[in-house]
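Asker: Coordinates in target37.cif, mmCIF, C-alpha atoms, are listed below.
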```cif
data_target
#
loop_
_atom_site.label_atom_id
_atom_site.label_comp_id
_atom_site.auth_asym_id
_atom_site.auth_seq_id
_atom_site.Cartn_x
_atom_site.Cartn_y
_atom_site.Cartn_z
CA MET A 1 120.74 111.92 173.61
CA THR A 2 116.97 111.66 173.16
CA GLU A 3 115.04 114.07 175.32
CA VAL A 4 111.49 113.56 176.50
CA LEU A 5 109.11 115.91 174.72
CA LEU A 6 105.38 116.55 174.62
CA MET A 7 105.17 114.71 171.31
CA ASP A 8 106.09 111.49 173.13
CA LEU A 9 102.53 111.35 174.46
CA ILE A 10 101.25 110.88 170.93
CA VAL A 11 104.00 109.10 168.98
CA LYS A 12 106.85 107.03 170.32
CA PRO A 13 110.23 108.52 169.42
CA ASP A 14 111.78 105.16 168.54
CA VAL A 15 109.20 104.53 165.86
CA ILE A 16 109.08 108.00 164.31
CA PRO A 17 111.95 110.36 165.17
CA HIS A 18 111.41 113.78 166.66
CA ASN A 19 112.33 115.77 163.61
CA VAL A 20 109.73 113.99 161.47
CA THR A 21 106.87 114.48 163.93
CA HIS A 22 107.72 118.13 164.54
CA ALA A 23 108.09 118.77 160.81
CA PHE A 24 104.61 117.31 160.37
CA LEU A 25 103.33 119.53 163.16
CA ALA A 26 104.85 122.62 161.51
CA SER A 27 103.34 121.64 158.15
CA ILE A 28 99.90 121.17 159.72
CA ILE A 29 100.14 124.58 161.42
CA LEU A 30 101.12 126.26 158.14
CA ILE A 31 98.31 124.58 156.17
CA VAL A 32 95.69 125.43 158.79
CA THR A 33 96.88 129.06 158.86
CA ALA A 34 96.75 129.26 155.08
CA LEU A 35 93.22 127.85 154.99
CA MET A 36 92.10 130.21 157.74
CA VAL A 37 93.48 133.25 155.91
CA LYS A 38 92.10 132.11 152.56
CA GLY A 39 88.64 131.60 153.98
CA SER A 40 88.10 135.24 154.87
CA LEU A 41 90.18 137.49 152.64
CA SER A 42 89.53 141.22 152.78
CA LEU A 43 91.09 144.09 150.88
CA VAL A 44 92.17 145.89 154.04
CA PRO A 45 93.90 143.18 156.05
CA ARG A 46 93.38 142.81 159.75
CA GLY A 47 94.63 140.32 162.32
CA LEU A 48 96.07 137.07 161.05
CA GLN A 49 95.85 138.09 157.39
CA ASN A 50 97.85 141.21 158.21
CA PHE A 51 100.62 139.20 159.84
CA VAL A 52 100.84 136.72 156.99
CA GLU A 53 100.79 139.54 154.43
CA VAL A 54 103.80 141.19 156.07
CA ILE A 55 105.87 138.04 155.61
CA VAL A 56 104.59 137.38 152.09
CA GLU A 57 105.25 140.96 150.98
CA ALA A 58 108.75 140.97 152.39
CA ILE A 59 109.70 137.75 150.63
CA TYR A 60 107.99 138.85 147.40
CA LYS A 61 110.01 142.07 147.41
CA LEU A 62 113.18 140.02 147.87
CA VAL A 63 112.29 137.64 145.06
CA ASP A 64 111.19 140.42 142.74
CA GLU A 65 114.37 142.43 143.21
CA ASN A 66 116.66 139.50 142.56
CA ILE A 67 114.93 137.27 140.04
CA GLY A 68 112.77 139.69 138.10
CA HIS A 69 109.12 139.65 137.15
CA HIS A 70 108.91 136.77 134.70
CA TRP A 71 110.34 133.90 136.69
CA GLY A 72 109.84 135.54 140.07
CA LYS A 73 106.14 134.71 140.02
CA THR A 74 106.85 131.05 139.31
CA LEU A 75 109.59 130.63 141.87
CA PHE A 76 108.04 132.72 144.65
CA PRO A 77 105.84 130.00 146.29
CA PHE A 78 108.81 127.67 146.64
CA ILE A 79 110.98 130.27 148.33
CA CYS A 80 108.23 131.59 150.59
CA THR A 81 107.25 128.09 151.70
CA ILE A 82 110.85 127.32 152.59
CA PHE A 83 111.15 130.54 154.55
CA MET A 84 107.94 130.05 156.52
CA PHE A 85 108.66 126.39 157.24
CA ILE A 86 112.18 127.06 158.48
CA LEU A 87 111.01 130.03 160.56
CA LEU A 88 108.26 128.00 162.21
CA CYS A 89 110.55 125.01 162.87
CA ASN A 90 113.22 127.25 164.38
CA PHE A 91 110.71 128.95 166.66
CA MET A 92 109.32 125.60 167.76
CA GLY A 93 112.78 124.70 169.02
CA LEU A 94 112.73 127.62 171.43
CA VAL A 95 109.54 126.49 173.14
CA PRO A 96 110.21 124.02 175.98
CA GLY A 97 108.53 120.69 175.32
CA PHE A 98 109.07 120.89 171.57
CA ALA A 99 112.08 120.25 169.42
CA ALA A 100 113.31 122.05 166.33
CA ALA A 101 112.91 119.87 163.26
CA THR A 102 115.71 121.88 161.65
CA SER A 103 118.23 120.77 164.27
CA ASN A 104 118.46 117.45 162.45
CA VAL A 105 120.58 117.18 159.31
CA ASN A 106 117.96 115.16 157.48
CA THR A 107 115.29 117.87 157.52
CA ASN A 108 117.76 120.46 156.30
CA ALA A 109 119.10 118.21 153.56
CA ALA A 110 115.50 117.49 152.52
CA MET A 111 115.20 121.20 151.83
CA ALA A 112 118.65 121.92 150.40
CA VAL A 113 118.70 119.11 147.82
CA PRO A 114 115.44 120.23 146.15
CA VAL A 115 116.87 123.76 145.99
CA PHE A 116 119.91 122.37 144.18
CA LEU A 117 117.75 120.33 141.81
CA THR A 118 115.42 123.29 141.20
CA THR A 119 118.27 125.60 140.20
CA HIS A 120 119.48 123.18 137.56
CA PHE A 121 115.98 122.30 136.38
CA PHE A 122 115.05 125.93 135.87
CA GLY A 123 118.44 126.71 134.36
CA ILE A 124 117.96 124.04 131.73
CA ARG A 125 114.33 125.02 131.24
CA VAL A 126 115.16 128.68 130.62
CA HIS A 127 118.39 128.34 128.68
CA GLY A 128 118.28 124.87 127.21
CA VAL A 129 121.64 123.41 126.27
CA SER A 130 123.37 126.79 126.52
CA TYR A 131 122.97 126.53 130.32
CA ILE A 132 126.50 125.17 130.23
CA ASN A 133 127.69 128.70 129.42
CA HIS A 134 127.09 129.56 133.06
CA PHE A 135 129.82 127.13 134.05
CA LEU A 136 132.44 128.06 131.53
CA GLY A 137 133.51 131.42 132.84
CA PRO A 138 133.90 134.84 131.28
CA ILE A 139 135.74 133.98 128.07
CA ARG A 140 134.06 131.43 125.82
CA SER A 141 136.06 130.77 122.69
CA ILE A 142 138.04 127.79 121.42
CA ALA A 143 141.31 129.62 122.08
CA ALA A 144 140.59 129.75 125.81
CA LEU A 145 139.84 126.04 126.21
CA PRO A 146 142.13 125.46 129.25
CA LEU A 147 140.52 128.39 131.05
CA MET A 148 137.10 127.00 130.26
CA ILE A 149 138.01 123.58 131.63
CA LEU A 150 139.47 125.12 134.78
CA MET A 151 136.44 127.32 135.30
CA PHE A 152 134.17 124.30 134.80
CA CYS A 153 135.95 122.35 137.54
CA VAL A 154 135.82 125.29 139.93
CA GLU A 155 132.13 125.93 139.21
CA VAL A 156 131.25 122.25 139.72
CA ILE A 157 132.93 122.27 143.12
CA GLY A 158 131.13 125.49 144.03
CA HIS A 159 127.79 124.07 142.94
CA ILE A 160 128.27 120.85 144.91
CA ALA A 161 129.22 122.92 147.96
CA ARG A 162 125.88 124.77 147.88
CA PRO A 163 123.48 122.15 149.28
CA ILE A 164 126.14 121.04 151.75
CA THR A 165 126.66 124.53 153.09
CA LEU A 166 122.93 125.27 153.20
CA THR A 167 122.34 122.14 155.24
CA VAL A 168 125.28 122.49 157.58
CA ARG A 169 124.74 126.20 158.21
CA LEU A 170 121.18 125.71 159.42
CA PHE A 171 121.98 122.50 161.29
CA GLY A 172 125.02 123.99 163.02
CA ASN A 173 123.18 127.10 164.14
CA MET A 174 120.22 125.21 165.58
CA THR A 175 122.20 122.40 167.20
CA GLY A 176 124.83 124.80 168.54
CA LYS A 177 122.16 126.94 170.17
CA HIS A 178 120.61 123.81 171.69
CA ILE A 179 123.95 122.57 173.06
CA ILE A 180 124.86 125.98 174.49
CA LEU A 181 121.48 126.09 176.23
CA LEU A 182 122.12 122.61 177.63
CA VAL A 183 125.61 123.39 178.91
CA LEU A 184 124.68 126.78 180.37
CA GLY A 185 121.59 125.26 181.93
CA ILE A 186 123.84 122.90 183.84
CA ILE A 187 126.36 125.54 184.86
CA ALA A 188 124.25 128.63 185.57
CA PRO A 189 120.59 127.62 185.69
CA MET A 190 118.74 130.90 185.98
CA PHE A 191 120.13 133.80 183.98
CA ALA A 192 122.51 132.64 181.29
CA PRO A 193 119.98 130.50 179.36
CA ALA A 194 117.62 133.49 179.15
CA VAL A 195 120.28 135.51 177.31
CA ILE A 196 120.99 132.60 175.01
CA LEU A 197 117.25 132.28 174.32
CA CYS A 198 117.12 135.93 173.22
CA LEU A 199 120.13 135.31 170.96
CA GLY A 200 118.36 132.18 169.77
CA VAL A 201 115.34 134.15 168.59
CA LEU A 202 117.61 136.44 166.56
CA VAL A 203 119.55 133.52 165.13
CA SER A 204 116.36 131.64 164.20
CA VAL A 205 114.96 134.56 162.21
CA VAL A 206 118.29 135.42 160.58
CA GLN A 207 119.07 131.86 159.55
CA ALA A 208 115.62 131.35 158.02
CA PHE A 209 116.07 134.59 156.09
CA VAL A 210 119.60 133.66 154.99
CA PHE A 211 118.39 130.29 153.68
CA ALA A 212 115.61 131.98 151.69
CA LEU A 213 117.98 134.70 150.46
CA LEU A 214 120.59 132.22 149.29
CA THR A 215 117.92 130.14 147.56
CA THR A 216 116.76 133.29 145.78
CA LEU A 217 120.28 134.23 144.73
CA TYR A 218 121.08 130.74 143.43
CA LEU A 219 117.85 130.65 141.45
CA ALA A 220 118.50 134.16 140.14
CA GLY A 221 121.95 133.07 139.01
CA ALA A 222 120.51 130.07 137.19
CA VAL A 223 117.64 131.92 135.50
CA GLU A 224 119.37 135.14 134.42
CA HIS A 225 120.93 135.66 131.01
CA ALA A 226 124.61 134.75 131.09
CA HIS A 227 126.98 137.66 130.58
CA MET B 1 167.09 139.58 171.87
CA LYS B 2 163.44 139.47 170.92
CA LYS B 3 164.05 136.72 168.39
CA THR B 4 165.81 134.48 170.90
CA LEU B 5 163.05 135.11 173.44
CA GLY B 6 160.41 134.18 170.88
CA LEU B 7 162.34 131.04 169.95
CA ILE B 8 162.61 129.95 173.60
CA LEU B 9 158.90 130.53 174.18
CA LEU B 10 158.02 128.59 171.02
CA THR B 11 160.14 125.64 172.13
CA LEU B 12 158.56 125.61 175.57
CA THR B 13 155.03 125.78 174.09
CA LEU B 14 155.70 122.88 171.74
CA MET B 15 157.15 120.88 174.61
CA TRP B 16 154.08 121.48 176.74
CA ILE B 17 151.80 120.46 173.92
CA MET B 18 153.72 117.35 172.91
CA ALA B 19 154.38 116.06 176.44
CA PRO B 20 150.81 114.90 177.19
CA LEU B 21 150.76 113.03 173.89
CA CYS B 22 153.85 111.00 174.83
CA PHE B 23 152.52 110.27 178.30
CA ALA B 24 149.12 109.29 176.96
CA GLU B 25 150.63 106.84 174.53
CA GLU B 26 152.73 105.30 177.30
CA ALA B 27 149.70 105.07 179.57
CA ALA B 28 147.59 103.48 176.85
CA ALA B 29 150.32 100.95 176.13
CA ALA B 30 150.67 100.23 179.85
CA THR B 31 146.98 99.56 180.51
CA GLY B 32 146.66 97.63 177.28
CA GLY B 33 143.06 96.56 177.79
CA LYS B 34 141.32 99.76 176.69
CA SER B 35 142.28 99.65 173.00
CA SER B 36 143.83 103.14 173.20
CA ASN B 37 140.52 104.96 173.20
CA ILE B 38 141.87 107.45 175.70
CA LEU B 39 144.44 108.61 173.20
CA TYR B 40 141.70 109.33 170.67
CA TYR B 41 139.64 111.34 173.12
CA ALA B 42 142.69 113.23 174.39
CA LEU B 43 143.67 114.21 170.87
CA ALA B 44 140.05 114.97 169.99
CA ALA B 45 139.77 117.32 172.95
CA LEU B 46 142.97 119.09 171.98
CA GLY B 47 142.00 119.35 168.33
CA SER B 48 138.50 120.54 169.14
CA GLY B 49 139.72 123.30 171.43
CA LEU B 50 142.25 124.51 168.90
CA GLY B 51 139.79 124.21 166.03
CA ILE B 52 137.02 126.22 167.61
CA GLY B 53 139.50 128.77 168.93
CA LEU B 54 140.96 129.39 165.49
CA ALA B 55 137.51 129.51 163.92
CA ALA B 56 136.40 132.09 166.47
CA LEU B 57 139.56 134.10 165.82
CA GLY B 58 138.95 134.25 162.08
CA THR B 59 135.26 135.00 162.53
CA GLY B 60 135.99 137.77 165.00
CA ILE B 61 138.42 139.48 162.65
CA GLY B 62 136.19 139.10 159.62
CA GLN B 63 133.03 140.32 161.30
CA GLY B 64 134.96 143.17 162.89
CA ILE B 65 136.14 144.40 159.51
CA GLY B 66 132.60 144.10 158.11
CA LEU B 67 131.14 145.93 161.06
CA GLY B 68 133.73 148.69 160.67
CA GLY B 69 132.73 149.19 157.07
CA ALA B 70 129.05 149.31 158.02
CA CYS B 71 129.63 151.87 160.77
CA GLU B 72 131.59 154.05 158.37
CA GLY B 73 128.81 153.76 155.81
CA VAL B 74 126.17 154.83 158.31
CA ALA B 75 128.37 157.68 159.50
CA ARG B 76 128.78 159.01 155.99
CA ASN B 77 125.13 158.59 155.01
CA PRO B 78 122.74 158.27 157.96
CA GLY B 79 119.73 158.10 155.64
CA ALA B 80 120.80 154.72 154.29
CA SER B 81 121.17 153.13 157.70
CA GLY B 82 118.22 150.75 157.15
CA LYS B 83 119.69 149.16 154.04
CA ILE B 84 123.19 149.12 155.51
CA THR B 85 121.96 147.38 158.65
CA THR B 86 120.16 144.72 156.61
CA THR B 87 123.23 144.09 154.49
CA LEU B 88 125.37 143.99 157.61
CA ILE B 89 123.20 141.36 159.32
CA ILE B 90 123.21 139.17 156.21
CA GLY B 91 126.99 139.49 155.91
CA LEU B 92 127.52 138.65 159.57
CA ALA B 93 125.35 135.53 159.21
CA MET B 94 127.41 134.37 156.22
CA ILE B 95 130.71 134.88 158.05
CA GLU B 96 129.29 133.21 161.15
CA SER B 97 128.47 130.14 159.11
CA LEU B 98 132.20 129.50 158.60
CA ALA B 99 132.62 129.17 162.34
CA ILE B 100 129.55 126.92 162.35
CA TYR B 101 131.29 124.59 159.89
CA ALA B 102 134.19 124.30 162.35
CA LEU B 103 131.70 123.66 165.14
CA VAL B 104 130.11 120.82 163.18
CA VAL B 105 133.51 119.20 162.63
CA VAL B 106 134.23 119.51 166.36
CA LEU B 107 130.86 117.96 167.24
CA ILE B 108 131.59 115.06 164.90
CA LEU B 109 135.01 114.54 166.52
CA ILE B 110 133.70 114.58 170.06
CA PHE B 111 130.38 112.78 169.80
CA VAL B 112 130.48 110.57 166.75
CA ASN B 113 134.04 109.20 167.03
CA PRO B 114 134.40 108.49 163.33
CA PHE B 115 137.34 106.13 163.71
CA GLY B 116 135.79 103.94 166.38
CA LYS B 117 133.91 101.75 163.96
CA LEU B 118 136.90 101.50 161.64
CA LEU B 119 139.19 100.18 164.35
CA GLN B 120 136.72 97.46 165.34
#
```
Render the structure in this file as structure tokens.

Answerer:
Amino acid sequence: MTEVLLMDLIVKPDVIPHNVTHAFLASIILIVTALMVKGSLSLVPRGLQNFVEVIVEAIYKLVDENIGHHWGKTLFPFICTIFMFILLCNFMGLVPGFAAATSNVNTNAAMAVPVFLTTHFFGIRVHGVSYINHFLGPIRSIAALPLMILMFCVEVIGHIARPITLTVRLFGNMTGKHIILLVLGIIAPMFAPAVILCLGVLVSVVQAFVFALLTTLYLAGAVEHAH
Amino acid sequence: MKKTLGLILLTLTLMWIMAPLCFAEEAAAATGGKSSNILYYALAALGSGLGIGLAALGTGIGQGIGLGGACEGVARNPGASGKITTTLIIGLAMIESLAIYALVVVLILIFVNPFGKLLQ
């Protein structure tokens, strides 16, 4: 089910798949925007800097509230990059002639697996060996060893479910929207796809925000002091 | 009276669901050449319809309860409606993702045919 897109004029889709080329395009757009904003910074923002500052401030408020000041500054670029990249890829899927890079499982997994690895890396970096206390549940004493083992198994399953659910949630939303547009475009060509496109804009923004929010919450859970 | 009526309806429903399965197996055995692919797609269609329907049912109930709580919160405290709306949208997206998992399984069943390679 390979559709013909504008990118096929530049790169053949058999050689490099659509999600890779469109992910590259989104990255190039983000880097060019960042360089353009950095080149002419002013204290009172106007135009493009204003727009970028709105997004950056919103995500920084989210990160600051959940992770705190100390590690929030370190982890903020990661989370904000993920949010902007997913938002841009989702919006590219709405434009006819382009495809959403996030409607392919590989792009989403390429973002969810580093989130998983980052949580454990920062957990070990902050807590050291006592990071294992996060997995052992509320009561940590030799007398409660069966409870600790049970809690460890449950926490391992929950942790393995995280990158899977992050990937599948984003993939399902984007591919489902695409398939609904396809089916409704065959059945009722004029009006129904317009409604689904409006819903698609909402879903794109919400799913990008949910991915960033969940990343923030997982990182906050790994970095905070265990109770 | 109501129990017997419910029992009769249940029996009829099960009959109507199981009948196409028996006929499909007979038809597949009769044609013989098609390696019973039709049976897989028939069952996949049935399973997909039921799966998505049940997922939508659960999602509808869950999001309805969440929405009810949010409306009550805004009614009690209209000043906090911004925060409540944000929390509501995030909660709805999380509940929606459970239906999306069911959708992904259905897409795998219909388009990927996971047992096709195994049987060949």

Asker: Taking 2 positions as the minimum chain separation for residues in the same chain, which residues sit within 12 Å of range 158-162 of chain A when counting only C-alpha atoms? Answer as a PDB file with C-alpha atoms, in the frame of the given file.

Answerer:
```
ATOM      1  CA  ALA A 109     119.100 118.210 153.560  1.00  0.00           C
ATOM      2  CA  MET A 111     115.200 121.200 151.830  1.00  0.00           C
ATOM      3  CA  ALA A 112     118.650 121.920 150.400  1.00  0.00           C
ATOM      4  CA  VAL A 113     118.700 119.110 147.820  1.00  0.00           C
ATOM      5  CA  PRO A 114     115.440 120.230 146.150  1.00  0.00           C
ATOM      6  CA  VAL A 115     116.870 123.760 145.990  1.00  0.00           C
ATOM      7  CA  PHE A 116     119.910 122.370 144.180  1.00  0.00           C
ATOM      8  CA  LEU A 117     117.750 120.330 141.810  1.00  0.00           C
ATOM      9  CA  THR A 119     118.270 125.600 140.200  1.00  0.00           C
ATOM     10  CA  HIS A 120     119.480 123.180 137.560  1.00  0.00           C
ATOM     11  CA  HIS A 134     127.090 129.560 133.060  1.00  0.00           C
ATOM     12  CA  PHE A 135     129.820 127.130 134.050  1.00  0.00           C
ATOM     13  CA  MET A 151     136.440 127.320 135.300  1.00  0.00           C
ATOM     14  CA  PHE A 152     134.170 124.300 134.800  1.00  0.00           C
ATOM     15  CA  CYS A 153     135.950 122.350 137.540  1.00  0.00           C
ATOM     16  CA  VAL A 154     135.820 125.290 139.930  1.00  0.00           C
ATOM     17  CA  GLU A 155     132.130 125.930 139.210  1.00  0.00           C
ATOM     18  CA  VAL A 156     131.250 122.250 139.720  1.00  0.00           C
ATOM     19  CA  ILE A 164     126.140 121.040 151.750  1.00  0.00           C
ATOM     20  CA  THR A 165     126.660 124.530 153.090  1.00  0.00           C
ATOM     21  CA  LEU A 166     122.930 125.270 153.200  1.00  0.00           C
ATOM     22  CA  THR A 167     122.340 122.140 155.240  1.00  0.00           C
ATOM     23  CA  VAL A 168     125.280 122.490 157.580  1.00  0.00           C
ATOM     24  CA  ARG A 169     124.740 126.200 158.210  1.00  0.00           C
ATOM     25  CA  PHE A 211     118.390 130.290 153.680  1.00  0.00           C
ATOM     26  CA  LEU A 214     120.590 132.220 149.290  1.00  0.00           C
ATOM     27  CA  THR A 215     117.920 130.140 147.560  1.00  0.00           C
ATOM     28  CA  LEU A 217     120.280 134.230 144.730  1.00  0.00           C
ATOM     29  CA  TYR A 218     121.080 130.740 143.430  1.00  0.00           C
ATOM     30  CA  LEU A 219     117.850 130.650 141.450  1.00  0.00           C
ATOM     31  CA  GLY A 221     121.950 133.070 139.010  1.00  0.00           C
ATOM     32  CA  ALA A 222     120.510 130.070 137.190  1.00  0.00           C
TER      33      ALA A 222
END
```

Asker: List every residue of chain B that has an atom at most 8 Å from any atom of chain A, and for each one report the closest atom pair and its distance in Å to one decimal, counting all atoms listed in the file, with rows sorted by chain and then by increasing residue number, as a tab-separated table.

Answerer:
```
residue	atom	partner	partner_atom	distance
B:Ile89	CA	A:Val206	CA	7.8
B:Ile90	CA	A:Val210	CA	6.7
B:Ala93	CA	A:Val206	CA	7.2
B:Met94	CA	A:Val210	CA	7.9
B:Ser97	CA	A:Arg169	CA	5.5
B:Ile100	CA	A:Gly172	CA	5.4
B:Tyr101	CA	A:Val168	CA	6.8
B:Leu103	CA	A:Gly172	CA	7.0
B:Val104	CA	A:Gly172	CA	6.0
```

Asker: When you draw a straight line from CA of Ala34 in chain A to CA of Val56 in chain A, how long is it in Å?

Answerer: 11.7 Å

Asker: Report, in Å with one decimal, the straight-line distance from CA of Glu53 in chain A to CA of Ser40 in chain A.

Answerer: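 So the answer is 13.4 Å.
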
Asker: Separation of CA of Pro96 in chain A and CA of Ile187 in chain A, in Å?

Answerer: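 Going from CA of Pro96 in chain A over to CA of Ile187 in chain A, I get 18.5 Å.
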
Asker: I want to know what sits within 10 Å of Val126 in chain A, based on all atoms listed in the file, with residues of the same chain fewer than 5 positions away left out; could you give that as a VMD selection string?

Answerer: chain A and resid 71 120 to 121 131 222 to 225

Asker: Residues within 10 Å of Leu88 in chain B, please, as JSON, numbers by chain. Count all atoms listed in the file; anything in the same chain fewer than 4 positions from it doesn't count.

Answerer: {"B": [63, 66, 67, 69, 70, 71, 82, 83, 84, 92, 93, 94]}

Asker: Determine, counting only C-alpha atoms, which protein, DNA and RNA residues have an atom within 9 Å of an atom of His178 in chain A; residues of the same chain fewer than 3 positions away are not included. Present the result as a VMD selection string.

Answerer: chain A and resid 93 to 94 103 173 to 175 181 to 183 200

Asker: Considering all atoms listed in the file, can you say which of A:Pro189, A:Pro77, A:Gly47, A:Gly72 comes closest to Ala220 in chain A?

Answerer: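 Among the listed residues, A:Gly72 lies closest to Ala220 in chain A.
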
Asker: Fewer than 5 positions away in the same chain doesn't count, so skip those; otherwise give me all residues within 9 Å of Phe76 in chain A, counting all atoms listed in the file, as number ranges by chain.

Answerer: A: 59-60, 63-64, 71, 81, 216

Asker: When distances are computed from all atoms listed in the file, which of B:Leu107, B:Leu43, B:Val74, B:Leu14 shows the smallest separation from Thr86 in chain B?

Answerer: B:Val74

Asker: Of the residues A:Val201, A:Ile186, A:Ala23, A:Ala212, which is the one nearest to Phe78 in chain A, using only C-alpha atoms?

Answerer: A:Ala212

Asker: Which residues, named as in the file, does the PyMOL selection byres ((chain A and resi 99) around 9) pick out? Answer as a list of chain:residue names.

Answerer: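 So the PyMOL selection byres ((chain A and resi 99) around 9), applied here, picks out A:Leu5, A:His18, A:Asn19, A:His22, A:Cys89, A:Asn90, A:Met92, A:Gly93, A:Leu94, A:Val95, A:Pro96, A:Gly97, A:Phe98, A:Ala100, A:Ala101, A:Thr102, A:Ser103.
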
Asker: Between B:Leu98, B:Ile17, B:Leu12, B:Ile61, which has the minimum distance to Leu46 in chain B (counting only C-alpha atoms)?

Answerer: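 Between B:Leu98, B:Ile17, B:Leu12, B:Ile61, the residue approaching Leu46 in chain B most closely is B:Ile17.
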